[in-house]
>>> print(open('structure-v3.pdb').read())   # PDB, C-alpha atoms and all ligand atoms
ATOM      1  CA  MET A  14      29.830 -30.055 102.927  1.00  0.00           C
ATOM      2  CA  ALA A  15      32.107 -30.526 105.933  1.00  0.00           C
ATOM      3  CA  ALA A  16      33.771 -27.590 107.675  1.00  0.00           C
ATOM      4  CA  ASN A  17      37.320 -28.871 108.232  1.00  0.00           C
ATOM      5  CA  ILE A  18      38.355 -30.060 104.839  1.00  0.00           C
ATOM      6  CA  ASP A  19      41.771 -31.479 103.999  1.00  0.00           C
ATOM      7  CA  TYR A  20      42.691 -30.023 100.622  1.00  0.00           C
ATOM      8  CA  GLY A  21      45.985 -31.962 100.601  1.00  0.00           C
ATOM      9  CA  PRO A  22      48.405 -30.637  97.977  1.00  0.00           C
ATOM     10  CA  LEU A  23      45.788 -28.136  96.774  1.00  0.00           C
ATOM     11  CA  GLN A  24      45.729 -26.221 100.065  1.00  0.00           C
ATOM     12  CA  ALA A  25      48.684 -24.043  99.020  1.00  0.00           C
ATOM     13  CA  LEU A  26      46.859 -22.834  95.892  1.00  0.00           C
ATOM     14  CA  ILE A  27      44.082 -21.035  97.754  1.00  0.00           C
ATOM     15  CA  GLY A  28      44.362 -17.274  97.309  1.00  0.00           C
ATOM     16  CA  VAL A  29      44.962 -14.618  94.681  1.00  0.00           C
ATOM     17  CA  TRP A  30      48.089 -14.755  92.521  1.00  0.00           C
ATOM     18  CA  LYS A  31      49.566 -12.302  90.013  1.00  0.00           C
ATOM     19  CA  GLY A  32      52.449 -12.751  87.611  1.00  0.00           C
ATOM     20  CA  GLY A  33      53.967 -10.682  84.822  1.00  0.00           C
ATOM     21  CA  ARG A  34      56.511 -13.006  83.229  1.00  0.00           C
ATOM     22  CA  GLY A  35      54.159 -15.176  81.207  1.00  0.00           C
ATOM     23  CA  LEU A  36      55.018 -16.470  77.762  1.00  0.00           C
ATOM     24  CA  ASP A  37      52.473 -17.945  75.376  1.00  0.00           C
ATOM     25  CA  VAL A  38      53.403 -19.608  72.083  1.00  0.00           C
ATOM     26  CA  ALA A  39      50.261 -19.834  69.956  1.00  0.00           C
ATOM     27  CA  PRO A  40      49.435 -21.080  66.462  1.00  0.00           C
ATOM     28  CA  GLU A  41      49.046 -18.800  63.454  1.00  0.00           C
ATOM     29  CA  PRO A  42      48.201 -19.865  59.883  1.00  0.00           C
ATOM     30  CA  ASP A  43      51.738 -19.029  58.759  1.00  0.00           C
ATOM     31  CA  GLY A  44      53.617 -20.279  61.811  1.00  0.00           C
ATOM     32  CA  SER A  45      53.404 -19.173  65.422  1.00  0.00           C
ATOM     33  CA  GLU A  46      53.319 -16.085  67.612  1.00  0.00           C
ATOM     34  CA  ASP A  47      55.003 -15.405  70.954  1.00  0.00           C
ATOM     35  CA  ASN A  48      52.815 -13.470  73.378  1.00  0.00           C
ATOM     36  CA  PRO A  49      54.369 -12.143  76.575  1.00  0.00           C
ATOM     37  CA  TYR A  50      51.583 -11.835  79.162  1.00  0.00           C
ATOM     38  CA  TYR A  51      50.566 -10.999  82.697  1.00  0.00           C
ATOM     39  CA  GLU A  52      47.722 -12.591  84.599  1.00  0.00           C
ATOM     40  CA  THR A  53      45.679 -12.987  87.754  1.00  0.00           C
ATOM     41  CA  ILE A  54      44.563 -16.394  89.012  1.00  0.00           C
ATOM     42  CA  THR A  55      42.082 -16.557  91.895  1.00  0.00           C
ATOM     43  CA  PHE A  56      41.657 -19.900  93.683  1.00  0.00           C
ATOM     44  CA  GLU A  57      38.753 -20.271  96.130  1.00  0.00           C
ATOM     45  CA  VAL A  58      37.567 -23.151  98.272  1.00  0.00           C
ATOM     46  CA  VAL A  59      34.427 -24.981  97.218  1.00  0.00           C
ATOM     47  CA  GLY A  60      34.318 -27.632  99.946  1.00  0.00           C
ATOM     48  CA  ASP A  61      34.068 -31.377  99.688  1.00  0.00           C
ATOM     49  CA  VAL A  62      31.791 -33.533  97.587  1.00  0.00           C
ATOM     50  CA  LYS A  63      30.756 -37.149  97.936  1.00  0.00           C
ATOM     51  CA  ASN A  64      30.388 -39.344  94.864  1.00  0.00           C
ATOM     52  CA  ALA A  65      28.296 -42.532  94.799  1.00  0.00           C
ATOM     53  CA  GLY A  66      28.116 -42.460  98.565  1.00  0.00           C
ATOM     54  CA  SER A  67      31.785 -43.395  98.966  1.00  0.00           C
ATOM     55  CA  GLN A  68      34.320 -41.208  97.138  1.00  0.00           C
ATOM     56  CA  CYS A  69      35.155 -38.006  98.987  1.00  0.00           C
ATOM     57  CA  LEU A  70      36.781 -35.195  97.006  1.00  0.00           C
ATOM     58  CA  ALA A  71      38.120 -31.840  98.179  1.00  0.00           C
ATOM     59  CA  VAL A  72      37.523 -29.105  95.611  1.00  0.00           C
ATOM     60  CA  ILE A  73      38.951 -25.700  94.737  1.00  0.00           C
ATOM     61  CA  ARG A  74      37.714 -23.522  91.892  1.00  0.00           C
ATOM     62  CA  TYR A  75      39.674 -20.901  89.988  1.00  0.00           C
ATOM     63  CA  HIS A  76      39.404 -18.132  87.450  1.00  0.00           C
ATOM     64  CA  GLN A  77      42.406 -17.187  85.314  1.00  0.00           C
ATOM     65  CA  VAL A  78      42.484 -13.895  83.412  1.00  0.00           C
ATOM     66  CA  VAL A  79      45.410 -13.396  81.025  1.00  0.00           C
ATOM     67  CA  GLN A  80      46.378 -10.081  79.394  1.00  0.00           C
ATOM     68  CA  ARG A  81      48.841  -9.215  76.645  1.00  0.00           C
ATOM     69  CA  GLN A  82      51.868  -7.198  77.723  1.00  0.00           C
ATOM     70  CA  SER A  83      51.741  -5.314  74.425  1.00  0.00           C
ATOM     71  CA  ASN A  84      48.233  -3.798  74.705  1.00  0.00           C
ATOM     72  CA  ASP A  85      46.605  -5.035  77.959  1.00  0.00           C
ATOM     73  CA  GLU A  86      43.953  -6.953  75.988  1.00  0.00           C
ATOM     74  CA  VAL A  87      42.449  -9.923  77.855  1.00  0.00           C
ATOM     75  CA  PHE A  88      43.316 -12.656  75.355  1.00  0.00           C
ATOM     76  CA  HIS A  89      42.701 -15.747  77.454  1.00  0.00           C
ATOM     77  CA  ASP A  90      40.059 -16.522  80.075  1.00  0.00           C
ATOM     78  CA  GLN A  91      39.839 -19.868  81.822  1.00  0.00           C
ATOM     79  CA  MET A  92      37.840 -21.408  84.639  1.00  0.00           C
ATOM     80  CA  GLY A  93      37.952 -24.752  86.341  1.00  0.00           C
ATOM     81  CA  TYR A  94      38.325 -26.928  89.389  1.00  0.00           C
ATOM     82  CA  TRP A  95      41.269 -28.573  91.069  1.00  0.00           C
ATOM     83  CA  ILE A  96      40.112 -31.738  92.811  1.00  0.00           C
ATOM     84  CA  TRP A  97      41.935 -33.892  95.402  1.00  0.00           C
ATOM     85  CA  ASP A  98      41.082 -37.519  96.069  1.00  0.00           C
ATOM     86  CA  ALA A  99      42.966 -38.329  99.288  1.00  0.00           C
ATOM     87  CA  ALA A 100      42.015 -42.039  99.199  1.00  0.00           C
ATOM     88  CA  THR A 101      43.971 -42.657  95.974  1.00  0.00           C
ATOM     89  CA  GLY A 102      46.335 -39.665  96.011  1.00  0.00           C
ATOM     90  CA  THR A 103      44.869 -38.504  92.705  1.00  0.00           C
ATOM     91  CA  VAL A 104      44.924 -34.865  91.618  1.00  0.00           C
ATOM     92  CA  MET A 105      42.406 -33.797  88.976  1.00  0.00           C
ATOM     93  CA  HIS A 106      42.101 -30.580  87.016  1.00  0.00           C
ATOM     94  CA  SER A 107      38.945 -29.905  85.054  1.00  0.00           C
ATOM     95  CA  LEU A 108      39.088 -26.799  82.896  1.00  0.00           C
ATOM     96  CA  MET A 109      37.018 -24.874  80.401  1.00  0.00           C
ATOM     97  CA  ILE A 110      38.149 -22.329  77.867  1.00  0.00           C
ATOM     98  CA  PRO A 111      35.649 -20.168  75.996  1.00  0.00           C
ATOM     99  CA  ARG A 112      36.508 -21.647  72.614  1.00  0.00           C
ATOM    100  CA  ALA A 113      34.107 -24.539  73.342  1.00  0.00           C
ATOM    101  CA  VAL A 114      36.871 -26.793  74.621  1.00  0.00           C
ATOM    102  CA  THR A 115      36.839 -28.522  78.002  1.00  0.00           C
ATOM    103  CA  LEU A 116      38.931 -31.268  79.559  1.00  0.00           C
ATOM    104  CA  LEU A 117      39.564 -33.369  82.648  1.00  0.00           C
ATOM    105  CA  ALA A 118      43.253 -33.936  83.361  1.00  0.00           C
ATOM    106  CA  GLY A 119      44.390 -36.396  86.017  1.00  0.00           C
ATOM    107  CA  GLY A 120      47.651 -37.127  87.756  1.00  0.00           C
ATOM    108  CA  LYS A 121      49.596 -36.984  91.016  1.00  0.00           C
ATOM    109  CA  GLN A 122      51.781 -34.847  93.163  1.00  0.00           C
ATOM    110  CA  THR A 123      55.360 -35.985  92.444  1.00  0.00           C
ATOM    111  CA  ALA A 124      57.936 -36.716  95.163  1.00  0.00           C
ATOM    112  CA  ASP A 125      59.368 -33.212  94.741  1.00  0.00           C
ATOM    113  CA  GLY A 126      55.971 -31.614  95.268  1.00  0.00           C
ATOM    114  CA  VAL A 127      54.982 -30.783  91.678  1.00  0.00           C
ATOM    115  CA  LEU A 128      51.370 -31.320  90.615  1.00  0.00           C
ATOM    116  CA  GLU A 129      51.438 -33.086  87.248  1.00  0.00           C
ATOM    117  CA  VAL A 130      48.278 -33.734  85.267  1.00  0.00           C
ATOM    118  CA  ALA A 131      47.518 -34.799  81.706  1.00  0.00           C
ATOM    119  CA  ALA A 132      44.573 -35.376  79.364  1.00  0.00           C
ATOM    120  CA  LYS A 133      44.315 -36.887  75.881  1.00  0.00           C
ATOM    121  CA  ALA A 134      41.548 -36.828  73.306  1.00  0.00           C
ATOM    122  CA  GLY A 135      39.895 -40.252  73.266  1.00  0.00           C
ATOM    123  CA  ASP A 136      41.337 -41.303  76.620  1.00  0.00           C
ATOM    124  CA  GLU A 137      38.774 -43.200  78.703  1.00  0.00           C
ATOM    125  CA  ASP A 138      39.927 -41.708  81.980  1.00  0.00           C
ATOM    126  CA  TRP A 139      41.310 -38.234  81.328  1.00  0.00           C
ATOM    127  CA  GLY A 140      39.682 -36.858  78.220  1.00  0.00           C
ATOM    128  CA  ILE A 141      39.051 -33.773  76.130  1.00  0.00           C
ATOM    129  CA  VAL A 142      35.658 -32.610  74.845  1.00  0.00           C
ATOM    130  CA  GLN A 143      35.311 -29.996  72.120  1.00  0.00           C
ATOM    131  CA  SER A 144      32.756 -28.619  69.716  1.00  0.00           C
ATOM    132  CA  PRO A 145      32.426 -30.159  66.244  1.00  0.00           C
ATOM    133  CA  PHE A 146      34.016 -27.024  64.748  1.00  0.00           C
ATOM    134  CA  MET A 147      37.065 -27.256  66.994  1.00  0.00           C
ATOM    135  CA  ARG A 148      37.336 -31.014  66.469  1.00  0.00           C
ATOM    136  CA  ASP A 149      37.465 -30.449  62.718  1.00  0.00           C
ATOM    137  CA  ASN A 150      39.525 -27.242  62.527  1.00  0.00           C
ATOM    138  CA  ALA A 151      41.568 -26.657  65.675  1.00  0.00           C
ATOM    139  CA  ARG A 152      41.534 -29.963  67.514  1.00  0.00           C
ATOM    140  CA  THR A 153      43.080 -30.204  70.973  1.00  0.00           C
ATOM    141  CA  THR A 154      44.628 -33.665  71.151  1.00  0.00           C
ATOM    142  CA  GLU A 155      46.684 -33.501  74.368  1.00  0.00           C
ATOM    143  CA  PHE A 156      47.186 -31.332  77.418  1.00  0.00           C
ATOM    144  CA  THR A 157      49.926 -31.658  80.035  1.00  0.00           C
ATOM    145  CA  GLN A 158      50.548 -29.329  82.945  1.00  0.00           C
ATOM    146  CA  LYS A 159      53.025 -28.993  85.799  1.00  0.00           C
ATOM    147  CA  ILE A 160      52.312 -26.627  88.640  1.00  0.00           C
ATOM    148  CA  GLU A 161      54.529 -25.942  91.633  1.00  0.00           C
ATOM    149  CA  VAL A 162      53.411 -23.852  94.560  1.00  0.00           C
ATOM    150  CA  SER A 163      55.105 -22.651  97.734  1.00  0.00           C
ATOM    151  CA  GLU A 164      54.010 -20.133 100.350  1.00  0.00           C
ATOM    152  CA  GLU A 165      54.653 -17.085  98.120  1.00  0.00           C
ATOM    153  CA  LYS A 166      55.360 -18.382  94.597  1.00  0.00           C
ATOM    154  CA  LEU A 167      53.363 -20.364  92.055  1.00  0.00           C
ATOM    155  CA  SER A 168      54.867 -21.440  88.749  1.00  0.00           C
ATOM    156  CA  TYR A 169      53.368 -23.513  85.974  1.00  0.00           C
ATOM    157  CA  SER A 170      54.146 -24.757  82.521  1.00  0.00           C
ATOM    158  CA  GLN A 171      51.722 -26.428  80.170  1.00  0.00           C
ATOM    159  CA  THR A 172      51.658 -27.817  76.666  1.00  0.00           C
ATOM    160  CA  THR A 173      48.491 -28.078  74.617  1.00  0.00           C
ATOM    161  CA  ILE A 174      48.941 -30.121  71.458  1.00  0.00           C
ATOM    162  CA  LEU A 175      46.780 -28.808  68.630  1.00  0.00           C
ATOM    163  CA  ASP A 176      45.948 -30.168  65.242  1.00  0.00           C
ATOM    164  CA  ILE A 177      45.474 -26.899  63.342  1.00  0.00           C
ATOM    165  CA  TYR A 178      46.292 -25.388  59.927  1.00  0.00           C
ATOM    166  CA  GLY A 179      47.257 -28.853  58.668  1.00  0.00           C
ATOM    167  CA  LYS A 180      50.025 -29.375  61.224  1.00  0.00           C
ATOM    168  CA  VAL A 181      50.616 -30.543  64.788  1.00  0.00           C
ATOM    169  CA  PHE A 182      51.369 -27.518  66.949  1.00  0.00           C
ATOM    170  CA  GLU A 183      52.790 -27.321  70.490  1.00  0.00           C
ATOM    171  CA  HIS A 184      50.873 -24.455  72.091  1.00  0.00           C
ATOM    172  CA  THR A 185      52.786 -23.652  75.298  1.00  0.00           C
ATOM    173  CA  ASP A 186      52.201 -21.377  78.284  1.00  0.00           C
ATOM    174  CA  GLU A 187      54.275 -20.708  81.356  1.00  0.00           C
ATOM    175  CA  ASN A 188      54.388 -18.138  84.121  1.00  0.00           C
ATOM    176  CA  GLU A 189      55.554 -17.402  87.646  1.00  0.00           C
ATOM    177  CA  LEU A 190      53.100 -15.735  90.027  1.00  0.00           C
ATOM    178  CA  ILE A 191      53.368 -14.116  93.445  1.00  0.00           C
ATOM    179  CA  ARG A 192      50.793 -14.412  96.207  1.00  0.00           C
ATOM    180  CA  GLN A 193      48.856 -11.170  96.723  1.00  0.00           C
TER
HETATM  181  C1  LIG B 201      47.703 -19.045  79.529  1.00  0.00           C
HETATM  182  C2  LIG B 201      46.968 -19.855  78.772  1.00  0.00           C
HETATM  183  C3  LIG B 201      46.668 -19.629  77.325  1.00  0.00           C
HETATM  184  C4  LIG B 201      46.871 -18.546  76.526  1.00  0.00           C
HETATM  185  C5  LIG B 201      47.481 -17.214  76.912  1.00  0.00           C
HETATM  186  C6  LIG B 201      46.393 -18.877  75.198  1.00  0.00           C
HETATM  187  C7  LIG B 201      46.465 -18.051  74.092  1.00  0.00           C
HETATM  188  C8  LIG B 201      46.136 -18.410  72.800  1.00  0.00           C
HETATM  189  C9  LIG B 201      46.331 -17.603  71.610  1.00  0.00           C
HETATM  190  C10 LIG B 201      46.937 -16.211  71.571  1.00  0.00           C
HETATM  191  C11 LIG B 201      45.903 -18.329  70.548  1.00  0.00           C
HETATM  192  C12 LIG B 201      45.964 -17.929  69.056  1.00  0.00           C
HETATM  193  C13 LIG B 201      44.644 -17.549  68.535  1.00  0.00           C
HETATM  194  C14 LIG B 201      44.210 -16.242  69.066  1.00  0.00           C
HETATM  195  O1  LIG B 201      44.886 -15.227  68.817  1.00  0.00           O
HETATM  196  O2  LIG B 201      43.180 -16.213  69.739  1.00  0.00           O
HETATM  197  C15 LIG B 201      45.403 -19.577  71.067  1.00  0.00           C
HETATM  198  C16 LIG B 201      44.846 -20.575  70.308  1.00  0.00           C
HETATM  199  C17 LIG B 201      44.294 -21.719  70.810  1.00  0.00           C
HETATM  200  N1  LIG B 201      44.319 -22.156  72.111  1.00  0.00           N
HETATM  201 FE1  LIG B 201      45.141 -21.179  73.646  1.00  0.00          FE
HETATM  202  N2  LIG B 201      45.893 -20.158  75.227  1.00  0.00           N
HETATM  203  C18 LIG B 201      46.048 -20.653  76.489  1.00  0.00           C
HETATM  204  C19 LIG B 201      45.665 -21.899  76.954  1.00  0.00           C
HETATM  205  C20 LIG B 201      44.969 -22.815  76.214  1.00  0.00           C
HETATM  206  C21 LIG B 201      44.450 -24.061  76.729  1.00  0.00           C
HETATM  207  C22 LIG B 201      44.579 -24.543  78.166  1.00  0.00           C
HETATM  208  C23 LIG B 201      43.821 -24.682  75.690  1.00  0.00           C
HETATM  209  C24 LIG B 201      43.077 -25.984  75.622  1.00  0.00           C
HETATM  210  C25 LIG B 201      43.076 -26.882  76.541  1.00  0.00           C
HETATM  211  C26 LIG B 201      43.961 -23.826  74.533  1.00  0.00           C
HETATM  212  C27 LIG B 201      43.447 -24.103  73.296  1.00  0.00           C
HETATM  213  C28 LIG B 201      43.635 -23.329  72.178  1.00  0.00           C
HETATM  214  C29 LIG B 201      43.135 -23.684  70.884  1.00  0.00           C
HETATM  215  C30 LIG B 201      42.307 -24.913  70.549  1.00  0.00           C
HETATM  216  C31 LIG B 201      43.560 -22.685  70.016  1.00  0.00           C
HETATM  217  C32 LIG B 201      43.339 -22.609  68.496  1.00  0.00           C
HETATM  218  C33 LIG B 201      42.235 -21.680  68.181  1.00  0.00           C
HETATM  219  C34 LIG B 201      42.519 -20.919  66.912  1.00  0.00           C
HETATM  220  O3  LIG B 201      43.559 -20.264  66.821  1.00  0.00           O
HETATM  221  O4  LIG B 201      41.673 -20.990  66.052  1.00  0.00           O
HETATM  222  N3  LIG B 201      44.671 -22.718  74.891  1.00  0.00           N
HETATM  223  N4  LIG B 201      45.561 -19.610  72.425  1.00  0.00           N
END
>>> encode(input="structure-v3.pdb", output="structure tokens")
Amino acid sequence: MAANIDYGPLQALIGVWKGGRGLDVAPEPDGSEDNPYYETITFEVVGDVKNAGSQCLAVIRYHQVVQRQSNDEVFHDQMGYWIWDAATGTVMHSLMIPRAVTLLAGGKQTADGVLEVAAKAGDEDWGIVQSPFMRDNARTTEFTQKIEVSEEKLSYSQTTILDIYGKVFEHTDENELIRQ
């Protein structure tokens, strides 16, 4: 791995971020629940990787720990990589959640600086993989995410479309975090 790596639009993510204004809207058998939350997200450099001898990617990994405002319980844990392909201007976000669901979302940085990525079940390029149980009972069909980062502030919003309890549910999460 090279020493001087250009992380492009991912450079600003590197560091530790905390935010207390999170709002999660999650599915319940009889409707939905709103969960105010706080969280810490730690982004660290990985370095660069070369694929098939030609594609060069710059990579950052992260760990996100989310706690309920009401009782401090950790109710969401997530890990993944943000990946920058400078040659094509592509931003990729691969993530895992410990419900046996994983996905690779792809997209771009927009003209106003927002990182926008999306994945869809069955998509050949940016797909979603999940266990047979989740596929049959709590299927993730789509994921979209916007993330905006400046020197001191990181904000994101994301929508995970679920097929659960016999309905299509928009599971949403958003928060604003401050650099530590
Ligand atoms: C800040 C981020 C997130 C938070 C706080 C969160 C929180 C929750 C909560 C509270 C539930 C309801 C069930 C429970 O109480 O455990 C839930 C369900 C679920 N979430 Fe998330 N989630 C987040 C992100 C995601 C992402 C990124 C995905 C997938 C890509 C995802 C997939 C699911 C699925 C499949 C379920 C249905 C499981 C079930 O209720 O049986 N979530 N989530």
>>> residues_near_ligand(input="structure-v3.pdb", ligand="ligand LIG 201 (chain B)", cutoff="7 Å", atoms="only C-alpha atoms and all ligand atoms", output="list in words")
Asp37, Ala39, Pro40, Glu41, Asn48, Val79, Phe88, His89, Ile110, Arg112, Val114, Thr115, Leu116, Met147, Ala151, Arg152, Thr153, Phe156, Thr173, Leu175, His184 and Asp186 of chain A
>>> closest_residue(input="structure-v3.pdb", among="A:Trp30, A:Tyr169, A:Tyr20, A:Tyr178", to="Trp95 in chain A", atoms="all atoms listed in the file")
A:Tyr20
>>> residues_near_point(input="structure-v3.pdb", point="(41.6, -11.7, 89.3)", cutoff="10 Å", atoms="all atoms listed in the file", output="MDAnalysis selection string")
chainID A and resid 29:31 52:56 75:79
>>> resolve_selection(input="structure-v3.pdb", expression="the PyMOL selection byres (((chain A and resi 120-132) around 12) and not hetatm)", output="number ranges by chain")
A: 21-23, 25-26, 95-99, 101-108, 115-119, 133-142, 153-163, 167-174
>>> write_last_selection(input="structure-v3.pdb", atoms="C-alpha atoms", output="CSV table (one decimal), in the frame of the given file")
chain,number,residue,atom,x,y,z
A,21,GLY,CA,46.0,-32.0,100.6
A,22,PRO,CA,48.4,-30.6,98.0
A,23,LEU,CA,45.8,-28.1,96.8
A,25,ALA,CA,48.7,-24.0,99.0
A,26,LEU,CA,46.9,-22.8,95.9
A,95,TRP,CA,41.3,-28.6,91.1
A,96,ILE,CA,40.1,-31.7,92.8
A,97,TRP,CA,41.9,-33.9,95.4
A,98,ASP,CA,41.1,-37.5,96.1
A,99,ALA,CA,43.0,-38.3,99.3
A,101,THR,CA,44.0,-42.7,96.0
A,102,GLY,CA,46.3,-39.7,96.0
A,103,THR,CA,44.9,-38.5,92.7
A,104,VAL,CA,44.9,-34.9,91.6
A,105,MET,CA,42.4,-33.8,89.0
A,106,HIS,CA,42.1,-30.6,87.0
A,107,SER,CA,38.9,-29.9,85.1
A,108,LEU,CA,39.1,-26.8,82.9
A,115,THR,CA,36.8,-28.5,78.0
A,116,LEU,CA,38.9,-31.3,79.6
A,117,LEU,CA,39.6,-33.4,82.6
A,118,ALA,CA,43.3,-33.9,83.4
A,119,GLY,CA,44.4,-36.4,86.0
A,133,LYS,CA,44.3,-36.9,75.9
A,134,ALA,CA,41.5,-36.8,73.3
A,135,GLY,CA,39.9,-40.3,73.3
A,136,ASP,CA,41.3,-41.3,76.6
A,137,GLU,CA,38.8,-43.2,78.7
A,138,ASP,CA,39.9,-41.7,82.0
A,139,TRP,CA,41.3,-38.2,81.3
A,140,GLY,CA,39.7,-36.9,78.2
A,141,ILE,CA,39.1,-33.8,76.1
A,142,VAL,CA,35.7,-32.6,74.8
A,153,THR,CA,43.1,-30.2,71.0
A,154,THR,CA,44.6,-33.7,71.2
A,155,GLU,CA,46.7,-33.5,74.4
A,156,PHE,CA,47.2,-31.3,77.4
A,157,THR,CA,49.9,-31.7,80.0
A,158,GLN,CA,50.5,-29.3,82.9
A,159,LYS,CA,53.0,-29.0,85.8
A,160,ILE,CA,52.3,-26.6,88.6
A,161,GLU,CA,54.5,-25.9,91.6
A,162,VAL,CA,53.4,-23.9,94.6
A,163,SER,CA,55.1,-22.7,97.7
A,167,LEU,CA,53.4,-20.4,92.1
A,168,SER,CA,54.9,-21.4,88.7
A,169,TYR,CA,53.4,-23.5,86.0
A,170,SER,CA,54.1,-24.8,82.5
A,171,GLN,CA,51.7,-26.4,80.2
A,172,THR,CA,51.7,-27.8,76.7
A,173,THR,CA,48.5,-28.1,74.6
A,174,ILE,CA,48.9,-30.1,71.5
>>> atom_distance(input="structure-v3.pdb", atom1="CA of Val62 in chain A", atom2="CA of Met92 in chain A")
18.7 Å
>>> closest_residue(input="structure-v3.pdb", among="A:Val72, A:Asn84, A:Asn64, A:Ile27", to="Gln193 in chain A", atoms="all atoms listed in the file")
A:Ile27
>>> closest_residue(input="structure-v3.pdb", among="A:Asp90, A:Asp176, A:Asp19, A:Asp47", to="Asp61 in chain A", atoms="all atoms listed in the file")
A:Asp19
>>> atom_distance(input="structure-v3.pdb", atom1="CA of Leu36 in chain A", atom2="CA of Gln80 in chain A")
10.9 Å
>>> closest_residue(input="structure-v3.pdb", among="A:Ile191, A:Ala100, A:Ile177, A:Ala65", to="Gly44 in chain A", atoms="all atoms listed in the file")
A:Ile177
>>> atom_distance(input="structure-v3.pdb", atom1="CA of Glu46 in chain A", atom2="CA of Glu187 in chain A")
14.5 Å
>>> decode(input="structure-v3.pdb", residues="range 134-139 of chain A", atoms="all heavy atoms", output="compact mmCIF listing (two decimals), in the first residue's frame")
# COMPACT_ATOMS: atom_id res chain seq x y z
N ALA A 134 -31.73 -4.74 -4.10
CA ALA A 134 -31.70 -6.20 -4.18
C ALA A 134 -31.85 -6.62 -5.65
O ALA A 134 -32.72 -6.10 -6.34
CB ALA A 134 -32.82 -6.79 -3.33
N GLY A 135 -30.98 -7.51 -6.09
CA GLY A 135 -31.07 -8.00 -7.47
C GLY A 135 -30.31 -7.16 -8.47
O GLY A 135 -30.16 -7.56 -9.62
N ASP A 136 -29.81 -6.00 -8.06
CA ASP A 136 -29.05 -5.15 -8.97
C ASP A 136 -27.71 -5.81 -9.28
O ASP A 136 -27.03 -6.30 -8.37
CB ASP A 136 -28.84 -3.77 -8.34
CG ASP A 136 -28.33 -2.75 -9.33
OD1 ASP A 136 -27.14 -2.81 -9.70
OD2 ASP A 136 -29.12 -1.89 -9.73
N GLU A 137 -27.31 -5.80 -10.54
CA GLU A 137 -26.05 -6.45 -10.92
C GLU A 137 -24.83 -5.72 -10.41
O GLU A 137 -23.78 -6.31 -10.19
CB GLU A 137 -25.96 -6.51 -12.45
CG GLU A 137 -26.43 -7.81 -13.01
CD GLU A 137 -26.04 -7.95 -14.49
OE1 GLU A 137 -25.03 -7.37 -14.91
OE2 GLU A 137 -26.77 -8.66 -15.18
N ASP A 138 -24.95 -4.40 -10.28
CA ASP A 138 -23.79 -3.61 -9.88
C ASP A 138 -23.75 -3.36 -8.36
O ASP A 138 -22.75 -3.61 -7.72
CB ASP A 138 -23.80 -2.25 -10.59
CG ASP A 138 -23.66 -2.41 -12.09
OD1 ASP A 138 -23.05 -3.40 -12.53
OD2 ASP A 138 -24.16 -1.54 -12.83
N TRP A 139 -24.82 -2.82 -7.85
CA TRP A 139 -24.86 -2.39 -6.45
C TRP A 139 -25.96 -3.18 -5.75
O TRP A 139 -27.12 -2.79 -5.80
CB TRP A 139 -25.09 -0.87 -6.36
CG TRP A 139 -24.19 -0.10 -7.30
CD1 TRP A 139 -24.55 0.65 -8.36
CD2 TRP A 139 -22.75 -0.03 -7.24
NE1 TRP A 139 -23.45 1.18 -8.97
CE2 TRP A 139 -22.32 0.79 -8.30
CE3 TRP A 139 -21.78 -0.59 -6.39
CZ2 TRP A 139 -20.97 1.06 -8.55
CZ3 TRP A 139 -20.44 -0.31 -6.64
CH2 TRP A 139 -20.05 0.50 -7.69
